[in-house]
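Here is the file input34.pdb (PDB, C-alpha atoms, pLDDT in the B column).
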ATOM      1  CA  MET A  25       0.000   0.000   0.000  1.00 67.00           C
ATOM      2  CA  GLU A  26       1.722   3.089  -1.172  1.00 75.00           C
ATOM      3  CA  GLY A  27      -1.059   5.568  -1.800  1.00 81.00           C
ATOM      4  CA  TYR A  28      -1.534   7.751  -4.834  1.00 87.00           C
ATOM      5  CA  PRO A  29       1.494   9.685  -6.114  1.00 88.00           C
ATOM      6  CA  ILE A  30       1.322  13.469  -5.753  1.00 91.00           C
ATOM      7  CA  SER A  31       4.022  16.111  -6.074  1.00 91.00           C
ATOM      8  CA  SER A  32       4.681  16.192  -2.316  1.00 90.00           C
ATOM      9  CA  GLY A  33       4.792  12.408  -1.795  1.00 90.00           C
ATOM     10  CA  LYS A  34       1.873  10.017  -1.445  1.00 91.00           C
ATOM     11  CA  LEU A  35      -1.817  10.651  -0.794  1.00 91.00           C
ATOM     12  CA  PHE A  36      -3.892   8.012   0.971  1.00 88.00           C
ATOM     13  CA  LYS A  37      -7.604   7.810   0.284  1.00 88.00           C
ATOM     14  CA  PRO A  38      -8.968   5.490   2.985  1.00 86.00           C
ATOM     15  CA  GLY A  39     -12.556   6.010   1.837  1.00 89.00           C
ATOM     16  CA  ASN A  40     -11.917   4.533  -1.625  1.00 88.00           C
ATOM     17  CA  ASP A  41     -12.946   1.000  -2.507  1.00 90.00           C
ATOM     18  CA  ILE A  42     -10.223  -1.536  -3.295  1.00 87.00           C
ATOM     19  CA  PRO A  43     -10.487  -4.765  -5.307  1.00 87.00           C
ATOM     20  CA  ARG A  44     -10.979  -8.112  -3.581  1.00 85.00           C
ATOM     21  CA  GLN A  45      -7.530  -9.246  -4.753  1.00 82.00           C
ATOM     22  CA  GLN A  46      -5.848  -6.298  -3.046  1.00 84.00           C
ATOM     23  CA  THR A  47      -7.837  -6.899   0.135  1.00 87.00           C
ATOM     24  CA  ASN A  48      -6.753 -10.541   0.164  1.00 85.00           C
ATOM     25  CA  THR A  49      -3.122  -9.562  -0.427  1.00 85.00           C
ATOM     26  CA  ILE A  50      -3.185  -7.181   2.537  1.00 88.00           C
ATOM     27  CA  LEU A  51      -4.804  -9.808   4.767  1.00 91.00           C
ATOM     28  CA  GLY A  52      -2.416 -12.555   3.633  1.00 88.00           C
ATOM     29  CA  ARG A  53       0.660 -10.433   4.301  1.00 91.00           C
ATOM     30  CA  TYR A  54      -0.676  -9.415   7.703  1.00 94.00           C
ATOM     31  CA  LEU A  55      -1.492 -12.994   8.733  1.00 94.00           C
ATOM     32  CA  SER A  56       1.820 -14.400   7.516  1.00 94.00           C
ATOM     33  CA  GLN A  57       3.705 -11.736   9.474  1.00 95.00           C
ATOM     34  CA  ALA A  58       1.589 -12.502  12.542  1.00 97.00           C
ATOM     35  CA  GLU A  59       2.555 -16.181  12.221  1.00 97.00           C
ATOM     36  CA  ILE A  60       6.241 -15.257  11.897  1.00 97.00           C
ATOM     37  CA  ASN A  61       5.974 -13.005  14.961  1.00 97.00           C
ATOM     38  CA  ALA A  62       4.253 -15.740  16.987  1.00 97.00           C
ATOM     39  CA  SER A  63       6.317 -18.767  15.989  1.00 97.00           C
ATOM     40  CA  GLY A  64       9.322 -17.466  14.068  1.00 97.00           C
ATOM     41  CA  VAL A  65       8.323 -19.163  10.811  1.00 97.00           C
ATOM     42  CA  ILE A  66       5.485 -19.760   8.376  1.00 96.00           C
ATOM     43  CA  HIS A  67       4.238 -23.331   8.603  1.00 96.00           C
ATOM     44  CA  GLY A  68       3.772 -25.029   5.263  1.00 94.00           C
ATOM     45  CA  ALA A  69       2.612 -28.436   4.123  1.00 92.00           C
ATOM     46  CA  GLY A  70       3.519 -31.309   6.399  1.00 93.00           C
ATOM     47  CA  SER A  71       6.269 -30.202   8.732  1.00 94.00           C
ATOM     48  CA  LEU A  72       7.912 -27.719   6.354  1.00 96.00           C
ATOM     49  CA  THR A  73       8.622 -24.226   7.658  1.00 97.00           C
ATOM     50  CA  TYR A  74       9.723 -21.006   5.959  1.00 97.00           C
ATOM     51  CA  PRO A  75      11.358 -17.911   7.482  1.00 96.00           C
ATOM     52  CA  THR A  76       9.718 -15.493   5.013  1.00 95.00           C
ATOM     53  CA  LEU A  77       6.566 -15.159   2.944  1.00 92.00           C
ATOM     54  CA  ASP A  78       8.683 -15.002  -0.226  1.00 92.00           C
ATOM     55  CA  GLN A  79      10.260 -18.361   0.569  1.00 95.00           C
ATOM     56  CA  TRP A  80       6.880 -19.947   1.317  1.00 93.00           C
ATOM     57  CA  TYR A  81       5.483 -18.600  -1.938  1.00 90.00           C
ATOM     58  CA  ALA A  82       8.449 -19.865  -3.970  1.00 92.00           C
ATOM     59  CA  ALA A  83       8.097 -23.353  -2.464  1.00 94.00           C
ATOM     60  CA  GLU A  84       4.334 -23.767  -2.026  1.00 92.00           C
ATOM     61  CA  GLY A  85       2.399 -20.578  -2.596  1.00 87.00           C
ATOM     62  CA  ALA A  86       2.163 -20.693  -6.370  1.00 83.00           C
ATOM     63  CA  PHE A  87       0.487 -24.109  -6.153  1.00 85.00           C
ATOM     64  CA  TYR A  88      -2.249 -22.723  -3.882  1.00 81.00           C
ATOM     65  CA  LEU A  89      -2.596 -19.212  -5.241  1.00 79.00           C
ATOM     66  CA  ASN A  90      -2.049 -19.245  -9.007  1.00 76.00           C
ATOM     67  CA  GLY A  91      -5.631 -20.375  -9.615  1.00 73.00           C
ATOM     68  CA  PHE A  92      -6.840 -17.072  -8.187  1.00 68.00           C
ATOM     69  CA  PHE A  93      -4.893 -14.918 -10.644  1.00 63.00           C
ATOM     70  CA  ARG A  94      -6.498 -13.765 -13.852  1.00 55.00           C
ATOM     71  CA  ARG A  95      -4.831 -14.952 -17.000  1.00 47.00           C
TER      72      ARG A  95
END

For the file at hand, write its structure as C-alpha cells.
Amino acid sequence: MEGYPISSGKLFKPGNDIPRQQTNTILGRYLSQAEINASGVIHGAGSLTYPTLDQWYAAEGAFYLNGFFRR
C-alpha cells in the first residue's frame, strides 16, 4: 500500500474501494507476518517451515494461489 502519487509524496484515500484481490493480499501479508511473529516461521505443508513469505510462496504458494490470478 503506497497511496496515490502526488508532487509532495503520497496521498492516501482510505474512503476509496479496493479490489478483492488487493484486500486478500493485505490480509495474507498481515497474517503471515503474525505467524512469523508468533512462531518465528510460516508453517507449510507437512512439517515444512519457511522464514519469510517469499520463501513460502516460492516453495508452495504458487500451487495454492495461481488459480486465483487472472490470466

Applied to this file, what does the PyMOL selection byres ((chain A and resi 85) around 12) return in terms of residues, put as a PyMOL selection string?
-> chain A and resi 52+56+66-69+74+76-84+86-92

Would you mind exporting C-alpha atoms of the selected residues as a PDB file, in the frame of the given file?
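And here is the file that came out, again.pdb:
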ATOM      1  CA  GLY A  52      -2.416 -12.555   3.633  1.00 88.00           C
ATOM      2  CA  SER A  56       1.820 -14.400   7.516  1.00 94.00           C
ATOM      3  CA  ILE A  66       5.485 -19.760   8.376  1.00 96.00           C
ATOM      4  CA  HIS A  67       4.238 -23.331   8.603  1.00 96.00           C
ATOM      5  CA  GLY A  68       3.772 -25.029   5.263  1.00 94.00           C
ATOM      6  CA  ALA A  69       2.612 -28.436   4.123  1.00 92.00           C
ATOM      7  CA  TYR A  74       9.723 -21.006   5.959  1.00 97.00           C
ATOM      8  CA  THR A  76       9.718 -15.493   5.013  1.00 95.00           C
ATOM      9  CA  LEU A  77       6.566 -15.159   2.944  1.00 92.00           C
ATOM     10  CA  ASP A  78       8.683 -15.002  -0.226  1.00 92.00           C
ATOM     11  CA  GLN A  79      10.260 -18.361   0.569  1.00 95.00           C
ATOM     12  CA  TRP A  80       6.880 -19.947   1.317  1.00 93.00           C
ATOM     13  CA  TYR A  81       5.483 -18.600  -1.938  1.00 90.00           C
ATOM     14  CA  ALA A  82       8.449 -19.865  -3.970  1.00 92.00           C
ATOM     15  CA  ALA A  83       8.097 -23.353  -2.464  1.00 94.00           C
ATOM     16  CA  GLU A  84       4.334 -23.767  -2.026  1.00 92.00           C
ATOM     17  CA  ALA A  86       2.163 -20.693  -6.370  1.00 83.00           C
ATOM     18  CA  PHE A  87       0.487 -24.109  -6.153  1.00 85.00           C
ATOM     19  CA  TYR A  88      -2.249 -22.723  -3.882  1.00 81.00           C
ATOM     20  CA  LEU A  89      -2.596 -19.212  -5.241  1.00 79.00           C
ATOM     21  CA  ASN A  90      -2.049 -19.245  -9.007  1.00 76.00           C
ATOM     22  CA  GLY A  91      -5.631 -20.375  -9.615  1.00 73.00           C
ATOM     23  CA  PHE A  92      -6.840 -17.072  -8.187  1.00 68.00           C
TER      24      PHE A  92
END

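CA of Leu55 (chain A) sits 15.2 Å away from CA of Thr73 (chain A).
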
Enclosing box along x, y and z for every listed atom of region 73-84 of chain A, padded 6 Å each side, centre and size in Å, one decimal, as JSON:
{"center_x": 7.8, "center_y": -19.6, "center_z": 1.8, "size_x": 19.0, "size_y": 21.2, "size_z": 23.6}

Could you state the separation of CA of Pro29 (chain A) and CA of Arg53 (chain A) in Å, given to one decimal place?
->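 Atom-to-atom, CA of Pro29 (chain A) and CA of Arg53 (chain A) are spaced 22.7 Å apart.
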
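With only C-alpha atoms as the atoms that count, the residue of A:Leu35, A:Ile30, A:Pro43, A:Pro75 with the shortest distance to Gln57 (chain A) is A:Pro75.
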
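Interatomic distance, CA of Gly33 (chain A) to CA of Ala58 (chain A): 28.9 Å.
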